[in-house]
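J.: So here's structure-v2.pdb (PDB, C-alpha atoms, pLDDT in the B column).
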```pdb
MODEL        1
ATOM      1  CA  MET A   1     -56.926 -36.106 114.070  1.00 77.00           C
ATOM      2  CA  PHE A   2     -53.318 -35.117 113.378  1.00 83.00           C
ATOM      3  CA  VAL A   3     -51.413 -35.685 110.118  1.00 83.00           C
ATOM      4  CA  ARG A   4     -47.802 -35.253 109.083  1.00 87.00           C
ATOM      5  CA  ARG A   5     -47.545 -32.700 106.269  1.00 85.00           C
ATOM      6  CA  VAL A   6     -44.499 -33.428 104.060  1.00 89.00           C
ATOM      7  CA  GLY A   7     -42.967 -30.969 101.570  1.00 83.00           C
ATOM      8  CA  LEU A   8     -39.712 -29.575 100.221  1.00 87.00           C
ATOM      9  CA  GLU A   9     -39.077 -27.794 103.495  1.00 84.00           C
ATOM     10  CA  GLY A  10     -39.440 -30.968 105.558  1.00 84.00           C
ATOM     11  CA  SER A  11     -42.429 -32.196 107.529  1.00 89.00           C
ATOM     12  CA  ARG A  12     -44.645 -30.880 110.290  1.00 88.00           C
ATOM     13  CA  ARG A  13     -47.477 -32.261 112.389  1.00 89.00           C
ATOM     14  CA  ARG A  14     -50.812 -30.493 112.201  1.00 82.00           C
ATOM     15  CA  PRO A  15     -54.524 -31.104 112.932  1.00 85.00           C
ATOM     16  CA  ASP A  16     -56.730 -32.232 110.049  1.00 77.00           C
ATOM     17  CA  ASP A  17     -60.492 -32.632 109.580  1.00 83.00           C
ATOM     18  CA  LEU A  18     -61.714 -35.858 107.973  1.00 87.00           C
ATOM     19  CA  ILE A  19     -65.207 -36.342 106.549  1.00 87.00           C
ATOM     20  CA  VAL A  20     -67.343 -38.997 108.241  1.00 87.00           C
ATOM     21  CA  GLU A  21     -68.660 -41.881 106.126  1.00 91.00           C
ATOM     22  CA  GLU A  22     -71.281 -44.262 107.554  1.00 93.00           C
ATOM     23  CA  PRO A  23     -74.000 -46.565 106.174  1.00 93.00           C
ATOM     24  CA  LEU A  24     -77.637 -45.470 106.097  1.00 94.00           C
ATOM     25  CA  SER A  25     -80.382 -48.085 105.809  1.00 94.00           C
ATOM     26  CA  ILE A  26     -83.577 -46.755 104.241  1.00 95.00           C
ATOM     27  CA  GLN A  27     -86.983 -48.275 104.975  1.00 95.00           C
ATOM     28  CA  LEU A  28     -90.286 -47.550 103.250  1.00 96.00           C
ATOM     29  CA  ASP A  29     -93.357 -48.341 105.373  1.00 95.00           C
ATOM     30  CA  GLY A  30     -91.259 -50.767 107.394  1.00 91.00           C
ATOM     31  CA  THR A  31     -89.604 -52.570 104.451  1.00 93.00           C
ATOM     32  CA  LEU A  32     -85.853 -52.271 104.042  1.00 92.00           C
ATOM     33  CA  VAL A  33     -85.240 -50.852 100.568  1.00 93.00           C
ATOM     34  CA  ALA A  34     -81.561 -49.949 100.363  1.00 91.00           C
ATOM     35  CA  THR A  35     -78.387 -49.185 102.245  1.00 92.00           C
ATOM     36  CA  THR A  36     -76.061 -46.441 101.073  1.00 92.00           C
ATOM     37  CA  MET A  37     -72.810 -44.990 102.360  1.00 94.00           C
ATOM     38  CA  ARG A  38     -73.224 -41.327 103.183  1.00 95.00           C
ATOM     39  CA  THR A  39     -72.024 -38.358 105.200  1.00 94.00           C
ATOM     40  CA  PRO A  40     -74.349 -38.095 108.242  1.00 95.00           C
ATOM     41  CA  GLY A  41     -76.576 -35.033 108.137  1.00 94.00           C
ATOM     42  CA  ASN A  42     -79.869 -34.281 106.379  1.00 96.00           C
ATOM     43  CA  ASP A  43     -80.595 -38.025 106.612  1.00 97.00           C
ATOM     44  CA  TYR A  44     -84.370 -37.595 106.310  1.00 97.00           C
ATOM     45  CA  GLU A  45     -83.906 -35.670 103.083  1.00 98.00           C
ATOM     46  CA  LEU A  46     -81.532 -38.319 101.742  1.00 97.00           C
ATOM     47  CA  ALA A  47     -83.926 -41.187 102.453  1.00 97.00           C
ATOM     48  CA  VAL A  48     -86.890 -39.434 100.853  1.00 97.00           C
ATOM     49  CA  GLY A  49     -84.783 -38.330  97.882  1.00 96.00           C
ATOM     50  CA  VAL A  50     -83.588 -41.889  97.185  1.00 95.00           C
ATOM     51  CA  LEU A  51     -87.145 -43.237  97.292  1.00 95.00           C
ATOM     52  CA  HIS A  52     -88.408 -40.462  95.034  1.00 94.00           C
ATOM     53  CA  ALA A  53     -85.651 -40.917  92.456  1.00 92.00           C
ATOM     54  CA  GLU A  54     -86.371 -44.642  92.227  1.00 90.00           C
ATOM     55  CA  GLY A  55     -90.100 -44.002  91.794  1.00 91.00           C
ATOM     56  CA  LEU A  56     -90.837 -46.027  94.933  1.00 94.00           C
ATOM     57  CA  LEU A  57     -93.168 -43.438  96.463  1.00 95.00           C
ATOM     58  CA  GLY A  58     -95.515 -43.586  93.485  1.00 92.00           C
ATOM     59  CA  THR A  59     -98.169 -40.945  94.006  1.00 92.00           C
ATOM     60  CA  ALA A  60     -98.072 -41.291  97.796  1.00 95.00           C
ATOM     61  CA  GLU A  61     -97.224 -38.347 100.018  1.00 95.00           C
ATOM     62  CA  VAL A  62     -94.683 -38.682 102.797  1.00 96.00           C
ATOM     63  CA  GLN A  63     -96.482 -38.643 106.141  1.00 96.00           C
ATOM     64  CA  THR A  64     -93.619 -39.085 108.570  1.00 96.00           C
ATOM     65  CA  VAL A  65     -89.870 -39.633 108.529  1.00 96.00           C
ATOM     66  CA  ARG A  66     -87.996 -40.886 111.578  1.00 95.00           C
ATOM     67  CA  TYR A  67     -84.953 -42.754 112.748  1.00 94.00           C
ATOM     68  CA  CYS A  68     -85.303 -46.516 113.333  1.00 79.00           C
ATOM     69  CA  ALA A  69     -88.996 -47.469 113.584  1.00 66.00           C
ATOM     70  CA  ASP A  70     -88.173 -50.795 115.310  1.00 66.00           C
ATOM     71  CA  GLY A  71     -86.145 -49.573 118.270  1.00 62.00           C
ATOM     72  CA  SER A  72     -83.946 -46.851 119.670  1.00 59.00           C
ATOM     73  CA  ALA A  73     -82.325 -44.424 117.256  1.00 56.00           C
ATOM     74  CA  VAL A  74     -79.342 -44.334 119.599  1.00 58.00           C
ATOM     75  CA  GLU A  75     -78.938 -48.118 119.402  1.00 61.00           C
ATOM     76  CA  SER A  76     -78.913 -47.978 115.598  1.00 58.00           C
ATOM     77  CA  ARG A  77     -76.424 -45.078 115.801  1.00 71.00           C
ATOM     78  CA  PHE A  78     -78.860 -42.936 113.777  1.00 86.00           C
ATOM     79  CA  ASN A  79     -78.057 -45.062 110.718  1.00 92.00           C
ATOM     80  CA  VAL A  80     -81.603 -46.309 109.982  1.00 94.00           C
ATOM     81  CA  VAL A  81     -84.327 -44.019 108.583  1.00 96.00           C
ATOM     82  CA  THR A  82     -87.944 -45.064 108.032  1.00 95.00           C
ATOM     83  CA  VAL A  83     -90.153 -43.149 105.587  1.00 97.00           C
ATOM     84  CA  GLU A  84     -93.867 -43.738 106.086  1.00 97.00           C
ATOM     85  CA  THR A  85     -96.753 -43.144 103.694  1.00 97.00           C
ATOM     86  CA  GLY A  86     -99.392 -45.035 105.685  1.00 96.00           C
ATOM     87  CA  GLY A  87     -99.096 -47.970 103.306  1.00 94.00           C
ATOM     88  CA  VAL A  88    -100.168 -45.873 100.307  1.00 96.00           C
ATOM     89  CA  ALA A  89     -96.884 -46.291  98.417  1.00 96.00           C
ATOM     90  CA  PRO A  90     -96.501 -49.501  96.391  1.00 93.00           C
ATOM     91  CA  THR A  91     -94.847 -52.364  98.251  1.00 89.00           C
ATOM     92  CA  PRO A  92     -91.141 -51.846  97.551  1.00 85.00           C
ATOM     93  CA  THR A  93     -88.699 -54.444  96.275  1.00 77.00           C
ATOM     94  CA  PRO A  94     -85.568 -54.400  98.442  1.00 68.00           C
ATOM     95  CA  ARG A  95     -82.409 -53.283  96.619  1.00 64.00           C
ATOM     96  CA  LEU A  96     -79.968 -55.236  98.733  1.00 53.00           C
ATOM     97  CA  GLY A  97     -77.019 -55.542  96.350  1.00 49.00           C
ATOM     98  CA  SER A  98     -74.810 -52.873  94.857  1.00 43.00           C
ATOM     99  CA  THR A  99     -75.982 -51.465  91.534  1.00 43.00           C
ATOM    100  CA  SER A 100     -74.326 -49.698  88.640  1.00 41.00           C
ATOM    101  CA  SER A 101     -75.483 -46.305  87.456  1.00 39.00           C
ATOM    102  CA  SER A 102     -77.602 -47.892  84.729  1.00 41.00           C
ATOM    103  CA  CYS A 103     -78.817 -50.773  86.942  1.00 44.00           C
ATOM    104  CA  GLY A 104     -77.662 -53.457  84.538  1.00 42.00           C
ATOM    105  CA  LEU A 105     -79.596 -52.151  81.551  1.00 48.00           C
ATOM    106  CA  CYS A 106     -78.143 -50.908  78.299  1.00 59.00           C
ATOM    107  CA  GLY A 107     -78.422 -47.182  77.648  1.00 67.00           C
ATOM    108  CA  SER A 108     -81.536 -47.265  75.469  1.00 71.00           C
ATOM    109  CA  GLU A 109     -83.379 -49.548  77.890  1.00 78.00           C
ATOM    110  CA  ALA A 110     -82.466 -47.330  80.832  1.00 77.00           C
ATOM    111  CA  ILE A 111     -83.840 -44.246  79.076  1.00 84.00           C
ATOM    112  CA  GLU A 112     -87.011 -46.076  77.988  1.00 86.00           C
ATOM    113  CA  THR A 113     -87.626 -47.040  81.608  1.00 83.00           C
ATOM    114  CA  LEU A 114     -87.553 -43.351  82.540  1.00 86.00           C
ATOM    115  CA  THR A 115     -89.738 -42.170  79.661  1.00 86.00           C
ATOM    116  CA  ASP A 116     -92.376 -44.687  80.733  1.00 86.00           C
ATOM    117  CA  ARG A 117     -92.924 -42.805  83.998  1.00 85.00           C
ATOM    118  CA  LEU A 118     -91.568 -39.300  83.392  1.00 88.00           C
ATOM    119  CA  GLU A 119     -92.568 -36.567  80.930  1.00 89.00           C
ATOM    120  CA  SER A 120     -90.058 -34.482  78.991  1.00 91.00           C
ATOM    121  CA  PHE A 121     -89.759 -30.744  79.644  1.00 91.00           C
ATOM    122  CA  GLU A 122     -90.984 -27.844  77.536  1.00 89.00           C
ATOM    123  CA  VAL A 123     -89.071 -24.986  79.159  1.00 89.00           C
ATOM    124  CA  GLU A 124     -86.925 -22.241  77.688  1.00 90.00           C
ATOM    125  CA  PRO A 125     -83.208 -22.806  78.408  1.00 91.00           C
ATOM    126  CA  ILE A 126     -81.425 -20.667  80.991  1.00 91.00           C
ATOM    127  CA  ASP A 127     -78.670 -18.258  79.917  1.00 91.00           C
ATOM    128  CA  PRO A 128     -75.479 -20.400  79.871  1.00 90.00           C
ATOM    129  CA  MET A 129     -73.413 -17.632  81.480  1.00 89.00           C
ATOM    130  CA  LEU A 130     -75.856 -17.608  84.382  1.00 90.00           C
ATOM    131  CA  LEU A 131     -75.185 -21.344  84.793  1.00 89.00           C
ATOM    132  CA  ALA A 132     -71.467 -20.612  85.036  1.00 86.00           C
ATOM    133  CA  ASP A 133     -72.189 -18.004  87.710  1.00 90.00           C
ATOM    134  CA  VAL A 134     -74.203 -20.550  89.707  1.00 91.00           C
ATOM    135  CA  ALA A 135     -71.161 -22.834  89.854  1.00 83.00           C
ATOM    136  CA  ASP A 136     -69.102 -19.990  91.325  1.00 84.00           C
ATOM    137  CA  GLN A 137     -71.788 -19.201  93.922  1.00 89.00           C
ATOM    138  CA  VAL A 138     -72.113 -22.769  95.140  1.00 89.00           C
ATOM    139  CA  ARG A 139     -68.360 -23.155  95.513  1.00 83.00           C
ATOM    140  CA  ASP A 140     -68.415 -20.369  98.115  1.00 83.00           C
ATOM    141  CA  ARG A 141     -71.090 -22.242 100.112  1.00 86.00           C
ATOM    142  CA  GLN A 142     -69.370 -25.628 100.329  1.00 83.00           C
ATOM    143  CA  GLU A 143     -68.529 -25.489 104.040  1.00 86.00           C
ATOM    144  CA  LEU A 144     -67.653 -29.177 104.457  1.00 81.00           C
ATOM    145  CA  PHE A 145     -65.494 -29.139 101.338  1.00 79.00           C
ATOM    146  CA  SER A 146     -63.575 -26.121 102.572  1.00 79.00           C
ATOM    147  CA  LYS A 147     -62.772 -28.021 105.797  1.00 85.00           C
ATOM    148  CA  THR A 148     -62.060 -31.498 104.398  1.00 88.00           C
ATOM    149  CA  GLY A 149     -61.720 -31.320 100.601  1.00 84.00           C
ATOM    150  CA  ALA A 150     -63.535 -34.670 100.465  1.00 84.00           C
ATOM    151  CA  VAL A 151     -67.197 -34.024  99.663  1.00 91.00           C
ATOM    152  CA  HIS A 152     -69.423 -33.205  96.713  1.00 93.00           C
ATOM    153  CA  ALA A 153     -72.155 -30.588  96.555  1.00 96.00           C
ATOM    154  CA  ALA A 154     -75.552 -30.237  94.915  1.00 96.00           C
ATOM    155  CA  ALA A 155     -77.756 -27.164  94.784  1.00 96.00           C
ATOM    156  CA  ALA A 156     -81.137 -26.044  93.515  1.00 96.00           C
ATOM    157  CA  PHE A 157     -81.372 -22.646  91.827  1.00 95.00           C
ATOM    158  CA  ASP A 158     -83.981 -20.585  89.968  1.00 94.00           C
ATOM    159  CA  ARG A 159     -83.909 -18.844  86.590  1.00 92.00           C
ATOM    160  CA  THR A 160     -82.353 -15.722  88.099  1.00 93.00           C
ATOM    161  CA  GLY A 161     -79.415 -17.738  89.423  1.00 93.00           C
ATOM    162  CA  ALA A 162     -80.551 -17.448  93.040  1.00 94.00           C
ATOM    163  CA  ILE A 163     -79.386 -20.440  95.099  1.00 95.00           C
ATOM    164  CA  LEU A 164     -82.323 -22.047  96.917  1.00 94.00           C
ATOM    165  CA  SER A 165     -80.551 -24.829  98.802  1.00 94.00           C
ATOM    166  CA  VAL A 166     -77.114 -26.452  99.010  1.00 96.00           C
ATOM    167  CA  ARG A 167     -76.333 -29.925 100.339  1.00 96.00           C
ATOM    168  CA  GLU A 168     -72.994 -31.730 100.688  1.00 95.00           C
ATOM    169  CA  ASP A 169     -72.099 -35.423 100.936  1.00 96.00           C
ATOM    170  CA  ILE A 170     -69.232 -37.785 100.234  1.00 94.00           C
ATOM    171  CA  GLY A 171     -71.340 -39.087  97.316  1.00 92.00           C
ATOM    172  CA  ARG A 172     -72.524 -36.567  94.726  1.00 91.00           C
ATOM    173  CA  HIS A 173     -75.643 -38.670  94.092  1.00 94.00           C
ATOM    174  CA  ASN A 174     -76.408 -38.452  97.827  1.00 96.00           C
ATOM    175  CA  ALA A 175     -76.037 -34.673  97.717  1.00 96.00           C
ATOM    176  CA  VAL A 176     -78.609 -34.571  94.899  1.00 97.00           C
ATOM    177  CA  ASP A 177     -80.973 -36.852  96.819  1.00 97.00           C
ATOM    178  CA  LYS A 178     -80.740 -34.530  99.831  1.00 97.00           C
ATOM    179  CA  VAL A 179     -81.707 -31.519  97.695  1.00 97.00           C
ATOM    180  CA  VAL A 180     -84.625 -33.400  96.089  1.00 96.00           C
ATOM    181  CA  GLY A 181     -85.704 -34.953  99.375  1.00 96.00           C
ATOM    182  CA  ARG A 182     -85.987 -31.533 100.981  1.00 95.00           C
ATOM    183  CA  MET A 183     -88.323 -30.443  98.171  1.00 93.00           C
ATOM    184  CA  VAL A 184     -90.437 -33.601  98.503  1.00 94.00           C
ATOM    185  CA  ILE A 185     -90.815 -33.104 102.255  1.00 94.00           C
ATOM    186  CA  ASP A 186     -91.773 -29.458 101.684  1.00 92.00           C
ATOM    187  CA  ARG A 187     -94.203 -30.560  98.941  1.00 90.00           C
ATOM    188  CA  LYS A 188     -92.466 -28.378  96.358  1.00 87.00           C
ATOM    189  CA  LEU A 189     -92.248 -31.020  93.624  1.00 79.00           C
ATOM    190  CA  PRO A 190     -92.418 -31.079  90.727  1.00 72.00           C
ATOM    191  CA  SER A 191     -89.842 -28.328  90.926  1.00 68.00           C
ATOM    192  CA  GLY A 192     -90.857 -26.854  87.576  1.00 67.00           C
ATOM    193  CA  ASP A 193     -88.573 -24.242  86.108  1.00 84.00           C
ATOM    194  CA  LEU A 194     -85.555 -24.809  88.366  1.00 93.00           C
ATOM    195  CA  GLY A 195     -81.980 -25.894  87.807  1.00 95.00           C
ATOM    196  CA  LEU A 196     -79.736 -28.403  89.551  1.00 96.00           C
ATOM    197  CA  TYR A 197     -76.000 -27.911  90.146  1.00 96.00           C
ATOM    198  CA  VAL A 198     -73.639 -30.810  90.868  1.00 96.00           C
ATOM    199  CA  SER A 199     -69.940 -30.837  91.631  1.00 93.00           C
ATOM    200  CA  GLY A 200     -67.881 -33.386  89.748  1.00 88.00           C
ATOM    201  CA  ARG A 201     -69.145 -35.043  86.593  1.00 91.00           C
ATOM    202  CA  ALA A 202     -72.728 -35.493  85.382  1.00 94.00           C
ATOM    203  CA  SER A 203     -73.413 -39.221  85.069  1.00 94.00           C
ATOM    204  CA  PHE A 204     -76.560 -40.930  83.844  1.00 93.00           C
ATOM    205  CA  GLU A 205     -77.653 -41.316  87.457  1.00 93.00           C
ATOM    206  CA  ILE A 206     -77.391 -37.582  88.125  1.00 95.00           C
ATOM    207  CA  VAL A 207     -79.507 -36.684  85.070  1.00 95.00           C
ATOM    208  CA  GLN A 208     -81.981 -39.411  86.039  1.00 93.00           C
ATOM    209  CA  LYS A 209     -82.405 -37.898  89.507  1.00 94.00           C
ATOM    210  CA  ALA A 210     -82.738 -34.402  88.027  1.00 95.00           C
ATOM    211  CA  TRP A 211     -85.433 -35.613  85.624  1.00 94.00           C
ATOM    212  CA  ALA A 212     -87.351 -37.360  88.410  1.00 92.00           C
ATOM    213  CA  GLY A 213     -87.037 -34.224  90.546  1.00 92.00           C
ATOM    214  CA  GLY A 214     -88.411 -31.988  87.801  1.00 92.00           C
ATOM    215  CA  PHE A 215     -85.244 -29.969  87.159  1.00 95.00           C
ATOM    216  CA  SER A 216     -85.185 -28.655  83.600  1.00 94.00           C
ATOM    217  CA  SER A 217     -81.505 -27.597  83.732  1.00 96.00           C
ATOM    218  CA  VAL A 218     -78.416 -29.371  85.057  1.00 96.00           C
ATOM    219  CA  VAL A 219     -74.959 -27.835  85.376  1.00 95.00           C
ATOM    220  CA  SER A 220     -71.878 -29.798  86.467  1.00 94.00           C
ATOM    221  CA  VAL A 221     -68.315 -28.747  87.183  1.00 91.00           C
ATOM    222  CA  SER A 222     -66.886 -31.550  85.041  1.00 93.00           C
ATOM    223  CA  ALA A 223     -68.001 -33.156  81.795  1.00 93.00           C
ATOM    224  CA  PRO A 224     -71.039 -35.444  81.436  1.00 95.00           C
ATOM    225  CA  SER A 225     -71.030 -39.015  80.182  1.00 94.00           C
ATOM    226  CA  ALA A 226     -72.389 -39.885  76.749  1.00 94.00           C
ATOM    227  CA  LEU A 227     -75.400 -41.616  78.327  1.00 93.00           C
ATOM    228  CA  ALA A 228     -76.064 -38.549  80.486  1.00 95.00           C
ATOM    229  CA  VAL A 229     -76.196 -36.394  77.336  1.00 96.00           C
ATOM    230  CA  GLU A 230     -78.485 -38.897  75.605  1.00 95.00           C
ATOM    231  CA  THR A 231     -80.771 -38.950  78.637  1.00 94.00           C
ATOM    232  CA  ALA A 232     -80.842 -35.148  78.813  1.00 96.00           C
ATOM    233  CA  HIS A 233     -81.867 -35.016  75.148  1.00 95.00           C
ATOM    234  CA  ALA A 234     -84.706 -37.475  75.801  1.00 94.00           C
ATOM    235  CA  ALA A 235     -85.895 -35.401  78.765  1.00 95.00           C
ATOM    236  CA  ARG A 236     -85.253 -32.072  77.025  1.00 95.00           C
ATOM    237  CA  ILE A 237     -83.078 -31.087  79.965  1.00 96.00           C
ATOM    238  CA  GLN A 238     -80.565 -28.297  79.395  1.00 96.00           C
ATOM    239  CA  LEU A 239     -77.232 -29.909  80.286  1.00 97.00           C
ATOM    240  CA  ALA A 240     -74.075 -27.861  80.781  1.00 95.00           C
ATOM    241  CA  GLY A 241     -70.687 -28.736  82.193  1.00 93.00           C
ATOM    242  CA  PHE A 242     -66.917 -28.530  82.125  1.00 89.00           C
ATOM    243  CA  HIS A 243     -66.939 -25.094  83.727  1.00 82.00           C
ATOM    244  CA  ARG A 244     -63.453 -23.629  83.378  1.00 82.00           C
ATOM    245  CA  GLY A 245     -62.163 -20.057  83.396  1.00 78.00           C
ATOM    246  CA  GLY A 246     -65.508 -18.359  82.905  1.00 78.00           C
ATOM    247  CA  GLU A 247     -66.515 -20.689  80.044  1.00 86.00           C
ATOM    248  CA  ILE A 248     -68.936 -23.609  80.031  1.00 91.00           C
ATOM    249  CA  ASN A 249     -69.990 -26.322  77.556  1.00 94.00           C
ATOM    250  CA  VAL A 250     -73.662 -26.712  76.646  1.00 95.00           C
ATOM    251  CA  TYR A 251     -74.452 -30.205  75.379  1.00 93.00           C
TER     252      TYR A 251
ENDMDL
END
```
As structure tokens, how would this structure be written, given the file I've shared?
T.:
Amino acid sequence: MFVRRVGLEGSRRRPDDLIVEEPLSIQLDGTLVATTMRTPGNDYELAVGVLHAEGLLGTAEVQTVRYCADGSAVESRFNVVTVETGGVAPTPTPRLGSTSSSCGLCGSEAIETLTDRLESFEVEPIDPMLLADVADQVRDRQELFSKTGAVHAAAAFDRTGAILSVREDIGRHNAVDKVVGRMVIDRKLPSGDLGLYVSGRASFEIVQKAWAGGFSSVVSVSAPSALAVETAHAARIQLAGFHRGGEINVY
């Protein structure tokens, strides 16, 4: 589309790229689980990542992922994804309403819910300066952000700082789910001794998804929340953030 750019020297008309935002309905073995707003692209990864983060897959392996199991993908505008485990995954409870990052629980209850199904890490921390370098690397790979300035990024990286995958989305939690979903589909979870980068802040939800995905380090551009730090301590996740001018905070 075209926009009118206004400044001290007047205004001018110029073309502008806007990021697309559409709903995605996620089904597990035919049951509608959730609907999320997302940037179209890597939809299979997003659907699998959401299910994995919520623990809805259980121990089941993903057999197939496809658009709209009940009709034409074109008719649903590619906004419905069905993940199938052959009925092995537990019967899901639909999450039809909007939820907060802590799902209505207080902080301690939210963390206890995670510790009931996830084990804490016993991994040596990564060099903090390497974490700062990762943030710089990912910034250079944010293609959608460079065009629109309206998306977040998430990336998986190893102990050497090598970037393994980068995903972008209008929601930073969606970007994380896309990274994790790719690893689930490729059967590379638990990720083990890997790190997760996120643009923006590190909320409880981001650390929760990192823990479920098996990432022992998390680095964010901005600062984390207090509950995110508390959750990282419980998981023994190395949490770093507020990357500015070659310096980074380790919480």
J.: Could you name the residues that touch A:Arg172 at 9 Å or less, counting all atoms listed in the file, but leaving out those on the same chain fewer than 2 positions away, as a ChimeraX atom specification?
T.: /A:151-154,168-170,174-177,198-201,206
J.: Run the PyMOL selection byres ((chain A and resi 211) around 12) against the file shown and list the residues it catches, as a PyMOL selection string.
T.: chain A and resi 52-55+111+114-115+117-121+176+180+189-196+204-210+212-218+228+231-239
J.: Using only C-alpha atoms, find the one residue out of A:Ala226, A:Ile185, A:Ala150, A:Leu131 that sits nearest to A:Gly241.
T.: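 Among the listed residues, A:Leu131 lies closest to A:Gly241.
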J.: Around the point (-76.6, -44.8, 112.6) (coordinates from the file), which residues reach within 12 Å if we count all atoms listed in the file? Answer as an MDAnalysis selection string.
T.: chainID A and resid 20:26 35:41 43 67:68 72:81
J.: Just want the 9 Å neighbourhood of A:Thr91, counted on all atoms listed in the file, with same-chain residues fewer than 4 positions away dropped. Output as a list in words.
T.: Leu28, Asp29, Thr31, Leu56 and Gly87 of chain A
J.: Please write as a list in words the full residue list that the PyMOL selection byres ((chain A and resi 160) around 12) yields on this file.
T.: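 Applied to this file, the PyMOL selection byres ((chain A and resi 160) around 12) returns Ile126, Asp127, Pro128, Met129, Leu130, Leu131, Asp133, Val134, Ala156, Phe157, Asp158, Arg159, Gly161, Ala162, Ile163, Leu164, Asp193, Leu194 and Gly195 of chain A.
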J.: Just want the 10 Å neighbourhood of A:Pro15, counted on only C-alpha atoms, with same-chain residues fewer than 3 positions away dropped. Output as a list in words.
T.: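 Those residues are Met1, Phe2, Val3, Arg4, Arg5 and Leu18 of chain A.
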J.: As an exercise, work out the distance from atom CA of A:Met183 to atom CA of A:Thr93 in Å and give it to one decimal place.
T.: 24.1 Å
J.: If the PyMOL selection byres ((chain A and resi 45) around 8) were run on this exact file, what residues would it hold? Put them as a list in words.
T.: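 Given this file, the PyMOL selection byres ((chain A and resi 45) around 8) evaluates to Asn42, Asp43, Tyr44, Leu46, Ala47, Val48, Gly49, Asp177, Lys178, Val179, Val180, Gly181, Arg182 and Ile185 of chain A.
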J.: Closest to A:Ser165 among A:Thr113, A:Gly246, A:Val138, A:Pro125, using only C-alpha atoms?
T.: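 With only C-alpha atoms as the atom set, the closest residue is A:Val138.
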J.: Please, which residues are within 12 Å of (-68.7, -36.3, 77.4) by the file's coordinates, counting all atoms listed in the file, and could they come as a PDB file with C-alpha atoms, keeping the file's coordinate frame?
T.:
```pdb
ATOM      1  CA  ARG A 201     -69.145 -35.043  86.593  1.00 91.00           C
ATOM      2  CA  ALA A 202     -72.728 -35.493  85.382  1.00 94.00           C
ATOM      3  CA  SER A 203     -73.413 -39.221  85.069  1.00 94.00           C
ATOM      4  CA  PHE A 204     -76.560 -40.930  83.844  1.00 93.00           C
ATOM      5  CA  SER A 220     -71.878 -29.798  86.467  1.00 94.00           C
ATOM      6  CA  SER A 222     -66.886 -31.550  85.041  1.00 93.00           C
ATOM      7  CA  ALA A 223     -68.001 -33.156  81.795  1.00 93.00           C
ATOM      8  CA  PRO A 224     -71.039 -35.444  81.436  1.00 95.00           C
ATOM      9  CA  SER A 225     -71.030 -39.015  80.182  1.00 94.00           C
ATOM     10  CA  ALA A 226     -72.389 -39.885  76.749  1.00 94.00           C
ATOM     11  CA  LEU A 227     -75.400 -41.616  78.327  1.00 93.00           C
ATOM     12  CA  ALA A 228     -76.064 -38.549  80.486  1.00 95.00           C
ATOM     13  CA  VAL A 229     -76.196 -36.394  77.336  1.00 96.00           C
ATOM     14  CA  GLU A 230     -78.485 -38.897  75.605  1.00 95.00           C
ATOM     15  CA  LEU A 239     -77.232 -29.909  80.286  1.00 97.00           C
ATOM     16  CA  ALA A 240     -74.075 -27.861  80.781  1.00 95.00           C
ATOM     17  CA  GLY A 241     -70.687 -28.736  82.193  1.00 93.00           C
ATOM     18  CA  PHE A 242     -66.917 -28.530  82.125  1.00 89.00           C
ATOM     19  CA  ASN A 249     -69.990 -26.322  77.556  1.00 94.00           C
ATOM     20  CA  VAL A 250     -73.662 -26.712  76.646  1.00 95.00           C
ATOM     21  CA  TYR A 251     -74.452 -30.205  75.379  1.00 93.00           C
TER      22      TYR A 251
END
```
J.: What box, with edges along x, y and z, holds each listed atom of stretch 16-26 of chain A when 6 Å is added on every side, and can you state its centre and edge lengths in Å to one decimal, as JSON?
T.:
```
{"center_x": -70.2, "center_y": -40.2, "center_z": 107.1, "size_x": 38.8, "size_y": 27.9, "size_z": 17.8}
```
J.: Quote the spacing between atom CA of A:Arg12 and atom CA of A:Leu144 in Å to one decimal place.
T.: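 For atom CA of A:Arg12 relative to atom CA of A:Leu144, the distance reads 23.8 Å.
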J.: What's the separation between atom CA of A:Gln142 and atom CA of A:Val166, in Å to one decimal place?
T.: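 Going from atom CA of A:Gln142 over to atom CA of A:Val166 covers 7.9 Å.
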J.: So which one's closest to A:Leu32, A:Glu84, A:Ser11, A:Gln63, A:Gly58? Using only C-alpha atoms, please.
T.: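 When distances to A:Leu32 are compared using only C-alpha atoms, the smallest one comes from A:Glu84.
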